Amino acid sequence: AVTRHYKFDIKLQNVTRLCHTKLMVTVNGQFPGPRIVAREGDHLLVQVVNHVQNNISIHWHGIRQLQSGWADGPAYITQCPIQTGQSYVYNYTIVGQRGTLWWHAHISWLRSTVYGPIIILPKRGVPYPFAKPYKEVPIIFGEWFNADPQAVISQALKTGGGPNVSDAYTINGFPGPLYNCSAEGDTFKLKVKPGKTYMLRLINAALNDELFFSIANHSVAIVDVDAVYVKPFDTETLLITPGQTTNVLLKTKPHFPNATFFMTARPYATGPGTFDNSTVAAILEYESPQTIHSSLSNKNLPLFKPTLPPLNDTAFAANFTRKLRSLATAQFPAKVPQKVDRRFFFTVGLGTNPCPKNQTCQGPNGTKLAASVNNISFSMPTTALLQAHFFGQSNSVYTTDFPITPIFPFNYTGNPPNNTMVSNGTRLVVLPFNTSVELIMQDTSILGVESHPLHLHGYNFFVVGQGFGNFDPNKDPAKFNLVDPVERNTVGVPSGGWVAIRFLADNPGVWFMHCHLEVHLSWGLKMAWVVLDGKLPSQKLIPPPADLPKC
Ligand code: C2O
């Protein structure tokens, strides 16, 4: 294992897409941002220097941060943001993980432009549990706004309605040829040789949409999700929610097919809100001079286009996610907690807040849109929760009375209750070290059923069950998979259904859990767990680094 140093200069950069140039916040002037490449066991030191007017913080999405919670990154949860002119060194070790993860800004909507891949190779000399690919290529999905995304969300929060949707989805920063006014250079091209295996490291960094992805005339084998190997299976189309990563093997055809192929993505959209129903395309191009298309205008498209499922294809989503299984071998065991110390039942969904006085609001019946977990819409504190916890100063910052079951039970997926109002608060759950947790997350029909990609910081969890309708505590647990469930850090709570996860609370700190649809995060679909120290030195959170930013 080695120590790897990176420097992230947060600075403004002019970027042009869709014939629209804007000055935006970037890392080192790059969009998408730089790649972090490391091996399992390596130690990372990433110095982030803020040269812009916005406050910033960076989250290393999916990195477990064992005992190093100070490096996790969500603003006001594990640290105060890095202010203009300040810097902070994120200091952590990659323990027991290899695959693809990613990093992104974790404050306001800055992650729309501030994100990039984390590539974790196995330890030196340790092979993949599949044949070594000829090449590995990160494919990162994003969203492009012609407007400033910060202005889009502050406008929405002011009016209480839904935010404007993005102008395009992107692949490696490019919207591709299916958008009007997409210039020649606006397309990501992957040049391939015939008869080889490529590993595509897919990352969904889009702000607000789960995405279907497919490559025309090619199927892929899924081998890894969220930096955990899975039992490989072939598919023509896959689903990836914001926050998730998926490694796939793409075998190029043995004979030169004399063609180029589209790789496309577009939303899986179940919610009541508006969404951008457009398609991003990149190009898979077999190497040969004759077949390189000189122009990518809409009249002169490459030849093959994939078919993607209908926008609201919940059946596809359920079938696809059911196929994901841990490898569960001697070398890569699935350490599923078999006994449970504490059970939790959380509803996740939308709701409303009263409209502030002297304001008109665009939410239902003149209210302000909100979102909640167990009817609590999370209020962001003004100082970091982890500091408050570590120094025993939680009193005026947060309370530890987060409801562990819904306060008012109702038919969650049936007729919505008349009262859509949420209550607001910074309420947390405290877990003793090594608590074995089972958590049911139930979608609600308040303002419409909708799939929510829930992300837990600091942990991987096992997805032991999922289903449609209301979770039935008498029948459903009998069907849980405690043998080879998929292990991951972000899971789609099915639209009009539920998901059951288990994890062992073996990482002390304060850990955020939230919907990875950025608009729902802004509306309060988030909460946090406090995991207490264990007795041994190796079970305690380390003290904060000297350069930890101050609020
Ligand atoms: Cu990738 Cu808290 O998020």
# chains A, B, ... in the order shown; residues from 1 in each chain; ligands from 1
>>> residues_near_ligand(ligand="ligand 1", cutoff="7 Å", atoms="only C-alpha atoms and all ligand atoms", output="mmCIF file with C-alpha atoms, in the first residue's frame")
data_model
loop_
_atom_site.group_PDB
_atom_site.id
_atom_site.type_symbol
_atom_site.label_atom_id
_atom_site.label_comp_id
_atom_site.auth_asym_id
_atom_site.auth_seq_id
_atom_site.Cartn_x
_atom_site.Cartn_y
_atom_site.Cartn_z
ATOM 1 C CA HIS A 59 -17.724 13.560 -0.448
ATOM 2 C CA HIS A 61 -19.176 8.428 -2.261
ATOM 3 C CA PRO A 74 -21.184 16.146 3.591
ATOM 4 C CA HIS A 104 -18.715 14.800 -5.651
ATOM 5 C CA HIS A 106 -21.756 17.718 -1.059
ATOM 6 C CA GLY A 243 -25.107 7.448 -6.498
ATOM 7 C CA HIS A 455 -27.742 6.313 0.063
ATOM 8 C CA HIS A 457 -22.739 7.107 4.189
ATOM 9 C CA PHE A 512 -25.864 10.781 6.665
ATOM 10 C CA MET A 513 -28.597 8.805 4.914
ATOM 11 C CA HIS A 514 -30.578 10.452 2.146
ATOM 12 C CA HIS A 516 -29.728 10.772 -3.895
#
>>> residues_around(residues="A:Asp276", least_positions_apart="5", cutoff="10 Å", atoms="only C-alpha atoms", output="list in words")
Glu143, Asn164, Val165, Ser166, Asp167, Ala168, Tyr169, Asn208, Asp209, Arg266, Pro267 and Ala269 of chain A
>>> write_last_selection(atoms="N, CA and C atoms", output="PDB file, in the first residue's frame")
ATOM      1  N   GLU A 143     -25.770  15.579 -15.617  1.00  0.00           N
ATOM      2  CA  GLU A 143     -26.819  16.438 -16.183  1.00  0.00           C
ATOM      3  C   GLU A 143     -26.239  17.803 -16.442  1.00  0.00           C
ATOM      4  N   ASN A 164     -36.692  23.663 -12.220  1.00  0.00           N
ATOM      5  CA  ASN A 164     -36.601  23.411 -13.654  1.00  0.00           C
ATOM      6  C   ASN A 164     -35.733  22.185 -13.902  1.00  0.00           C
ATOM      7  N   VAL A 165     -36.077  21.421 -14.938  1.00  0.00           N
ATOM      8  CA  VAL A 165     -35.283  20.232 -15.228  1.00  0.00           C
ATOM      9  C   VAL A 165     -34.038  20.640 -16.015  1.00  0.00           C
ATOM     10  N   SER A 166     -33.065  19.733 -16.063  1.00  0.00           N
ATOM     11  CA  SER A 166     -31.817  20.021 -16.777  1.00  0.00           C
ATOM     12  C   SER A 166     -32.077  20.096 -18.276  1.00  0.00           C
ATOM     13  N   ASP A 167     -31.101  20.595 -19.009  1.00  0.00           N
ATOM     14  CA  ASP A 167     -31.245  20.715 -20.460  1.00  0.00           C
ATOM     15  C   ASP A 167     -30.734  19.492 -21.206  1.00  0.00           C
ATOM     16  N   ALA A 168     -29.917  18.695 -20.553  1.00  0.00           N
ATOM     17  CA  ALA A 168     -29.423  17.477 -21.206  1.00  0.00           C
ATOM     18  C   ALA A 168     -28.844  16.540 -20.161  1.00  0.00           C
ATOM     19  N   TYR A 169     -28.859  15.243 -20.480  1.00  0.00           N
ATOM     20  CA  TYR A 169     -28.027  14.291 -19.743  1.00  0.00           C
ATOM     21  C   TYR A 169     -26.691  14.249 -20.455  1.00  0.00           C
ATOM     22  N   ASN A 208     -30.913  14.241 -10.698  1.00  0.00           N
ATOM     23  CA  ASN A 208     -32.289  13.943 -10.321  1.00  0.00           C
ATOM     24  C   ASN A 208     -32.927  12.767 -11.037  1.00  0.00           C
ATOM     25  N   ASP A 209     -32.142  11.949 -11.745  1.00  0.00           N
ATOM     26  CA  ASP A 209     -32.777  10.869 -12.486  1.00  0.00           C
ATOM     27  C   ASP A 209     -32.035   9.554 -12.416  1.00  0.00           C
ATOM     28  N   ARG A 266     -31.367   7.199 -20.713  1.00  0.00           N
ATOM     29  CA  ARG A 266     -32.455   8.149 -20.460  1.00  0.00           C
ATOM     30  C   ARG A 266     -33.203   7.720 -19.204  1.00  0.00           C
ATOM     31  N   PRO A 267     -34.039   8.598 -18.647  1.00  0.00           N
ATOM     32  CA  PRO A 267     -34.539   8.349 -17.303  1.00  0.00           C
ATOM     33  C   PRO A 267     -35.501   7.162 -17.157  1.00  0.00           C
ATOM     34  N   ALA A 269     -38.435   7.121 -14.840  1.00  0.00           N
ATOM     35  CA  ALA A 269     -39.115   8.184 -14.108  1.00  0.00           C
ATOM     36  C   ALA A 269     -40.484   7.706 -13.657  1.00  0.00           C
TER      37      ALA A 269
END
>>> residues_around(residues="A:Thr420", least_positions_apart="3", cutoff="9 Å", atoms="only C-alpha atoms", output="ChimeraX atom specification")
/A:350-353,416-417,446-447
>>> residues_around(residues="A:Asp484", least_positions_apart="4", cutoff="8 Å", atoms="only C-alpha atoms", output="list in words")
Arg325, Ser326, Leu327, Ala328, Ala334 and Val336 of chain A
>>> residues_around(residues="stretch 178-190 of chain A", least_positions_apart="6", cutoff="10 Å", atoms="only C-alpha atoms", output="ChimeraX atom specification")
/A:16-20,137,139,167-172,260-264,278-287,294-298,301
>>> atom_distance(atom1="atom CA of A:Asn481", atom2="atom CA of A:Pro333")
14.4 Å
>>> residues_around(residues="stretch 227-242 of chain A", least_positions_apart="5", cutoff="6 Å", atoms="only C-alpha atoms", output="list in words")
Arg98, Gly99, Thr100, Asn204, Ala205, Ala206, Glu210, Leu211, Phe212, Phe213, Ser214, Ser219, Val220, Ala221, Ile222, Arg325, Ser326, Leu327 and His516 of chain A
>>> residues_around(residues="A:Gly162", least_positions_apart="3", cutoff="9 Å", atoms="only C-alpha atoms", output="compact mmCIF listing (two decimals) with C-alpha atoms, in the first residue's frame")
# COMPACT_ATOMS: atom_id res chain seq x y z
CA ILE A 153 -32.64 25.17 -6.72
CA ALA A 156 -37.47 26.36 -6.49
CA LEU A 157 -37.01 26.65 -2.73
CA THR A 159 -41.38 29.46 -4.80
CA VAL A 165 -35.28 20.23 -15.23
CA GLY A 273 -43.02 15.76 -10.98
CA THR A 274 -41.72 16.94 -14.30
CA GLN A 362 -46.44 26.77 -6.03
CA GLY A 363 -46.83 23.47 -4.15
CA LEU A 369 -43.06 21.08 -1.40
CA VAL A 519 -34.17 17.82 -5.29
>>> atom_distance(atom1="atom CA of A:Pro473", atom2="atom CA of A:Lys339")
15.9 Å
>>> closest_atom_pairs(of="stretch 435-534 of chain A", to="stretch 540-550 of chain A", cutoff="10 Å", atoms="only C-alpha atoms", output="tab-separated table")
residue	atom	partner	partner_atom	distance
A:Asp506	CA	A:Lys540	CA	9.7
A:Asn507	CA	A:Leu541	CA	8.0
A:Pro508	CA	A:Leu541	CA	5.6
A:Gly509	CA	A:Leu541	CA	6.3
A:Val510	CA	A:Leu541	CA	9.9
A:Val531	CA	A:Leu541	CA	9.6
A:Leu532	CA	A:Lys540	CA	8.0
A:Asp533	CA	A:Lys540	CA	4.6
A:Gly534	CA	A:Lys540	CA	5.9
>>> write_last_selection(atoms="C-alpha atoms", output="tab-separated table (two decimals), in the first residue's frame")
chain	number	residue	atom	x	y	z
A	506	ASP	CA	-19.18	-1.10	13.14
A	507	ASN	CA	-18.01	2.37	12.05
A	508	PRO	CA	-18.24	5.07	14.73
A	509	GLY	CA	-19.29	8.56	13.66
A	510	VAL	CA	-22.25	10.51	12.33
A	531	VAL	CA	-22.77	5.33	15.84
A	532	LEU	CA	-21.02	5.31	19.22
A	533	ASP	CA	-17.42	4.26	19.82
A	534	GLY	CA	-16.63	0.69	20.80
>>> closest_residue(among="A:Gly496, A:Pro133, A:Gly467, A:Gly116", to="A:Arg322", atoms="only C-alpha atoms")
A:Gly467
>>> atom_distance(atom1="atom CA of A:Pro32", atom2="atom CA of A:Glu487")
27.2 Å
>>> select_by_dssp(residues="stretch 318-547 of chain A", states="helix (DSSP H, G or I)", output="VMD selection string")
chain A and resid 318 to 322 364 to 366 385 to 390 476 to 479 518 to 523 537 to 539
>>> closest_residue(among="A:Arg502, A:Lys193, A:Lys479, A:Arg342", to="A:Tyr134", atoms="only C-alpha atoms")
A:Lys193
>>> select_by_dssp(residues="stretch 224-285 of chain A", states="strand (DSSP E or B)", output="MDAnalysis selection string")
chainID A and resid 224:225 228:235 237:240 245:251 260:268 280:285
